[in-house]
Amino acid sequence: MTALVIAVCVLVLMIYAVAPGRADETVSAPFLRRNFAHRGLYAPDQSVPENSLAAFRLAVENGYGVELDVHITADDRLAVFHDDDLTRMCGTPGRIEDRTFEELSSLRLMGTGETIPLLSDVLDVIGGRTPIILELKRGGRNDALCERVRDALRDYPGDVCIESFDPFIVRWWRKNAPTYFRGQLSAAAGELRKGTSGINAFLLSRLLLDFLARPQFIAYGLCDAKPLTVRLCERMGGVPVAWTSHSPEAEKTNAAVIFEHYRPGTRY
C-alpha cells in the first residue's frame with residue numbers, strides 16, 4: 001500500500017512539473033506544419049553565413065519560416081548571433097555581451113562581407129512575410145534582454161514566437177508578455193551537459209522545470225527516444241517542434257521543424 005501511495009504521488013508531481021501551457025489556436029496556427037530555416041537559409045560552407053541578413057533574405061525568398069538567435073550587447077542593443085563567443089564566426093576571441101554594437105559592427109562573419117545584424121535590421125528584411133522563431137540566449141542580463149526584445153516586437157506586423165533553453169527566460173514571457181507563443185528548448189541530457197551541470201542537464205532534458213514557465217511548445221533536439229516526461233508533456237498538449245533536422249523524416253512526428261542544409265517543402 002505504501003509503495004502504491006508513493007507511486008501515485010510521484011506520478012502527480014511528474015504531471016504537475018511537465019504540464020504545458022495552453023495557447024489559443026489563433027496564436028499557434030502561424031507556426032504549425034511549417035519548416036523553419038535554422039539561423040536563416042545559410043550555406044553549409046558558410047559562404048552565406050548563419051544569422052546573416054543574406055541568409056534571412058534567402059529564407060524569405062524561398063517561403064520558409066525563420067529561426068534566429070538574439071543576444072544583448074554591452075550597450076543594450078539586440079544582436080542576432082548564436083554563440084556566446086565570437087571566435088568561431090568572427091575569428092576573434094571575446095564574449096558578444098561584453099562588446100558594444102559599434103565594436104561588433106567592424107567584424108565580418110566567416111570572412112564574408114556580412115556583418116552581425118541588429119534584430120531591428122532582421123525584422124526589416126523579413127517584414128512580416130514569414131513567421132519567426134526567436135531564441136533568446138541566456139546571459140548575465142536576461143531581464144534586460146527580454147524587455148528589449150518585447151519592445152522591439154511591439155509594433156512588428158508579423159508573427160513571432162519566442163523560445164529559450166533557460167526556463168526563467170520563458171517564465172519572464174509567461175508573466176510579462178503572455179500573448180506570445182512561448183517554447184522551452186531542450187535536448188537529450190548528454191547534449192545539454194556540454195553547457196551546464198549534470199543536474200541541470202537532467203532536469204532540463206526531462207522538462208522537470210516546466211512548472212516555472214508552462215511552455216506551450218517544446219522544441220526538442222532530435223534523438224533516438226524522447227524521455228517519458230517529454231512524451232507525457234506532448235500528450236498533455238505541448239506542441240512538439242524538432243531541431244535541427246537534416247531530413248524530412250522529422251515532419252512525421254512534429255508540428256513544426258527547424259531544419260538546415262536541405263530544401264524541404266515550406267509547409268507539410
# chains A, B, ... in the order shown; residues from 1 in each chain; ligands from 1
$ residues_around --residues "region 197-206 of chain A" --least-positions-apart "2" --cutoff "10 Å" --atoms "only C-alpha atoms" --output "MDAnalysis selection string"
chainID A and resid 14 17:18 165:167 184:195 208:210 220:221 226:231 233
$ residues_around --residues "region 44-54 of chain A" --least-positions-apart "4" --cutoff "12 Å" --atoms "only C-alpha atoms" --output "number ranges by chain"
A: 37-40, 58-61, 66-71, 79-83, 88-90, 108-126, 134-135, 246, 260-262
$ select_by_dssp --residues "region 87-183 of chain A" --states "alpha helix (DSSP H)" --output "ChimeraX atom specification"
/A:87-90,101-104,119-126,142-153,167-176
$ residues_around --residues "region 139-145 of chain A" --least-positions-apart "6" --cutoff "8 Å" --atoms "only C-alpha atoms" --output "PyMOL selection string"
chain A and resi 71-72+76+78+97+169+172
$ select_by_dssp --residues "region 14-48 of chain A" --states "strand (DSSP E or B)" --output "list of chain:residue names"
A:Arg34, A:Asn35, A:Phe36, A:Ala37, A:His38
$ write_last_selection --atoms "N, CA and C atoms" --output "compact mmCIF listing (two decimals), in the first residue's frame"
# COMPACT_ATOMS: atom_id res chain seq x y z
N ARG A 34 4.93 23.88 -40.51
CA ARG A 34 5.84 24.69 -41.31
C ARG A 34 7.28 24.27 -41.05
N ASN A 35 8.11 24.54 -42.03
CA ASN A 35 9.55 24.33 -41.89
C ASN A 35 10.24 25.68 -41.71
N PHE A 36 11.14 25.73 -40.71
CA PHE A 36 11.84 26.96 -40.35
C PHE A 36 13.34 26.81 -40.62
N ALA A 37 13.89 27.74 -41.37
CA ALA A 37 15.30 27.70 -41.71
C ALA A 37 16.13 28.07 -40.48
N HIS A 38 16.97 27.14 -40.05
CA HIS A 38 17.79 27.30 -38.85
C HIS A 38 18.85 28.39 -39.07
$ closest_residue --among "A:Val10, A:Val5, A:Ala213, A:Val27" --to "Phe168 (chain A)" --atoms "only C-alpha atoms"
A:Ala213
$ residues_around --residues "Arg214 (chain A)" --least-positions-apart "6" --cutoff "9 Å" --atoms "only C-alpha atoms" --output "PDB file with N, CA and C atoms, in the first residue's frame"
ATOM      1  N   ALA A  17       4.827  18.914 -12.820  1.00  0.00           N
ATOM      2  CA  ALA A  17       6.080  19.515 -13.257  1.00  0.00           C
ATOM      3  C   ALA A  17       6.110  19.768 -14.754  1.00  0.00           C
ATOM      4  N   VAL A  18       5.579  18.850 -15.553  1.00  0.00           N
ATOM      5  CA  VAL A  18       5.764  18.935 -17.009  1.00  0.00           C
ATOM      6  C   VAL A  18       4.521  19.409 -17.757  1.00  0.00           C
ATOM      7  N   ALA A  19       3.434  19.680 -17.061  1.00  0.00           N
ATOM      8  CA  ALA A  19       2.214  20.100 -17.753  1.00  0.00           C
ATOM      9  C   ALA A  19       2.469  21.379 -18.556  1.00  0.00           C
ATOM     10  N   PRO A  20       2.078  21.401 -19.828  1.00  0.00           N
ATOM     11  CA  PRO A  20       2.326  22.590 -20.667  1.00  0.00           C
ATOM     12  C   PRO A  20       1.265  23.653 -20.459  1.00  0.00           C
ATOM     13  N   GLY A  21       1.561  24.853 -20.934  1.00  0.00           N
ATOM     14  CA  GLY A  21       0.545  25.889 -21.019  1.00  0.00           C
ATOM     15  C   GLY A  21      -0.307  25.672 -22.256  1.00  0.00           C
ATOM     16  N   ARG A  22      -1.411  26.356 -22.304  1.00  0.00           N
ATOM     17  CA  ARG A  22      -2.314  26.241 -23.449  1.00  0.00           C
ATOM     18  C   ARG A  22      -2.266  27.523 -24.261  1.00  0.00           C
ATOM     19  N   VAL A 170      11.831  31.892 -20.321  1.00  0.00           N
ATOM     20  CA  VAL A 170      10.480  31.540 -20.787  1.00  0.00           C
ATOM     21  C   VAL A 170       9.447  31.987 -19.754  1.00  0.00           C
ATOM     22  N   ARG A 171       9.793  31.847 -18.475  1.00  0.00           N
ATOM     23  CA  ARG A 171       8.882  32.295 -17.412  1.00  0.00           C
ATOM     24  C   ARG A 171       8.638  33.801 -17.495  1.00  0.00           C
ATOM     25  N   ARG A 174       5.997  34.368 -19.892  1.00  0.00           N
ATOM     26  CA  ARG A 174       4.697  33.940 -19.349  1.00  0.00           C
ATOM     27  C   ARG A 174       4.099  35.032 -18.469  1.00  0.00           C
ATOM     28  N   ARG A 182       5.057  30.678 -26.623  1.00  0.00           N
ATOM     29  CA  ARG A 182       6.362  30.519 -25.969  1.00  0.00           C
ATOM     30  C   ARG A 182       6.748  29.044 -25.894  1.00  0.00           C
ATOM     31  N   GLY A 183       8.062  28.798 -26.014  1.00  0.00           N
ATOM     32  CA  GLY A 183       8.528  27.425 -26.039  1.00  0.00           C
ATOM     33  C   GLY A 183       9.773  27.197 -25.210  1.00  0.00           C
ATOM     34  N   GLN A 184       9.886  25.971 -24.714  1.00  0.00           N
ATOM     35  CA  GLN A 184      11.069  25.527 -23.989  1.00  0.00           C
ATOM     36  C   GLN A 184      11.964  24.739 -24.927  1.00  0.00           C
TER      37      GLN A 184
END
$ atom_distance --atom1 "CA of Arg150 (chain A)" --atom2 "CA of Asp98 (chain A)"
21.6 Å
$ residues_around --residues "Pro248 (chain A)" --least-positions-apart "4" --cutoff "12 Å" --atoms "only C-alpha atoms" --output "ChimeraX atom specification"
/A:34-35,242-244,252-254,256-268
$ decode --residues "region 114-129 of chain A" --atoms "all heavy atoms" --output "compact mmCIF listing (two decimals), in the first residue's frame"
# COMPACT_ATOMS: atom_id res chain seq x y z
N GLU A 114 29.43 39.92 -44.89
CA GLU A 114 28.29 40.04 -43.98
C GLU A 114 28.77 40.37 -42.56
O GLU A 114 29.80 39.88 -42.10
CB GLU A 114 27.49 38.74 -43.95
CG GLU A 114 26.81 38.40 -45.25
CD GLU A 114 25.64 39.32 -45.57
OE1 GLU A 114 24.90 39.69 -44.63
OE2 GLU A 114 25.48 39.67 -46.75
N THR A 115 27.98 41.20 -41.88
CA THR A 115 28.29 41.58 -40.50
C THR A 115 27.19 41.10 -39.56
O THR A 115 26.13 40.64 -40.01
CB THR A 115 28.41 43.11 -40.38
OG1 THR A 115 27.17 43.72 -40.78
CG2 THR A 115 29.54 43.64 -41.24
N ILE A 116 27.44 41.19 -38.27
CA ILE A 116 26.43 40.80 -37.27
C ILE A 116 25.28 41.80 -37.34
O ILE A 116 25.48 43.00 -37.16
CB ILE A 116 27.05 40.81 -35.85
CG1 ILE A 116 28.19 39.79 -35.77
CG2 ILE A 116 25.98 40.53 -34.81
CD1 ILE A 116 28.99 39.87 -34.47
N PRO A 117 24.07 41.34 -37.61
CA PRO A 117 22.96 42.28 -37.74
C PRO A 117 22.27 42.57 -36.42
O PRO A 117 22.33 41.78 -35.48
CB PRO A 117 21.99 41.56 -38.69
CG PRO A 117 22.24 40.10 -38.43
CD PRO A 117 23.69 39.97 -38.03
N LEU A 118 21.64 43.72 -36.37
CA LEU A 118 20.72 44.03 -35.28
C LEU A 118 19.39 43.32 -35.52
O LEU A 118 19.01 43.07 -36.66
CB LEU A 118 20.46 45.54 -35.20
CG LEU A 118 21.59 46.42 -34.68
CD1 LEU A 118 21.26 47.89 -34.95
CD2 LEU A 118 21.80 46.19 -33.18
N LEU A 119 18.68 43.03 -34.44
CA LEU A 119 17.35 42.43 -34.59
C LEU A 119 16.45 43.34 -35.42
O LEU A 119 15.67 42.85 -36.25
CB LEU A 119 16.72 42.17 -33.22
CG LEU A 119 15.30 41.61 -33.24
CD1 LEU A 119 15.22 40.28 -33.97
CD2 LEU A 119 14.76 41.47 -31.81
N SER A 120 16.55 44.64 -35.23
CA SER A 120 15.71 45.56 -35.99
C SER A 120 15.96 45.45 -37.49
O SER A 120 15.03 45.53 -38.30
CB SER A 120 15.95 47.01 -35.52
OG SER A 120 17.31 47.36 -35.64
N ASP A 121 17.23 45.23 -37.88
CA ASP A 121 17.54 45.06 -39.31
C ASP A 121 16.95 43.77 -39.85
O ASP A 121 16.45 43.73 -40.98
CB ASP A 121 19.05 45.06 -39.51
CG ASP A 121 19.70 46.39 -39.16
OD1 ASP A 121 19.02 47.42 -39.30
OD2 ASP A 121 20.87 46.39 -38.74
N VAL A 122 17.01 42.72 -39.06
CA VAL A 122 16.44 41.44 -39.48
C VAL A 122 14.92 41.56 -39.64
O VAL A 122 14.34 41.07 -40.61
CB VAL A 122 16.80 40.32 -38.49
CG1 VAL A 122 16.10 39.02 -38.86
CG2 VAL A 122 18.30 40.11 -38.44
N LEU A 123 14.28 42.21 -38.69
CA LEU A 123 12.83 42.39 -38.78
C LEU A 123 12.46 43.20 -40.02
O LEU A 123 11.45 42.93 -40.67
CB LEU A 123 12.31 43.08 -37.52
CG LEU A 123 12.45 42.28 -36.21
CD1 LEU A 123 11.92 43.10 -35.03
CD2 LEU A 123 11.73 40.94 -36.29
N ASP A 124 13.29 44.19 -40.37
CA ASP A 124 13.03 44.97 -41.58
C ASP A 124 13.15 44.10 -42.83
O ASP A 124 12.34 44.22 -43.76
CB ASP A 124 14.01 46.14 -41.68
CG ASP A 124 13.69 47.26 -40.70
OD1 ASP A 124 12.56 47.28 -40.17
OD2 ASP A 124 14.58 48.09 -40.46
N VAL A 125 14.14 43.21 -42.86
CA VAL A 125 14.33 42.33 -44.02
C VAL A 125 13.16 41.36 -44.16
O VAL A 125 12.66 41.12 -45.26
CB VAL A 125 15.66 41.57 -43.89
CG1 VAL A 125 15.70 40.38 -44.84
CG2 VAL A 125 16.83 42.50 -44.16
N ILE A 126 12.72 40.80 -43.04
CA ILE A 126 11.63 39.81 -43.08
C ILE A 126 10.29 40.50 -43.31
O ILE A 126 9.45 40.02 -44.07
CB ILE A 126 11.63 38.96 -41.80
CG1 ILE A 126 12.93 38.15 -41.73
CG2 ILE A 126 10.41 38.03 -41.76
CD1 ILE A 126 13.12 37.37 -40.45
N GLY A 127 10.09 41.61 -42.65
CA GLY A 127 8.94 42.47 -42.94
C GLY A 127 7.58 41.81 -42.77
O GLY A 127 6.64 42.15 -43.49
N GLY A 128 7.47 40.85 -41.87
CA GLY A 128 6.18 40.22 -41.62
C GLY A 128 5.78 39.20 -42.67
O GLY A 128 4.65 38.69 -42.63
N ARG A 129 6.68 38.86 -43.59
CA ARG A 129 6.31 37.97 -44.70
C ARG A 129 6.33 36.50 -44.32
O ARG A 129 5.78 35.67 -45.06
CB ARG A 129 7.24 38.22 -45.89
CG ARG A 129 7.02 39.56 -46.57
CD ARG A 129 8.00 39.79 -47.68
NE ARG A 129 9.36 40.02 -47.19
CZ ARG A 129 10.44 40.02 -47.96
NH1 ARG A 129 10.33 39.74 -49.25
NH2 ARG A 129 11.64 40.27 -47.44
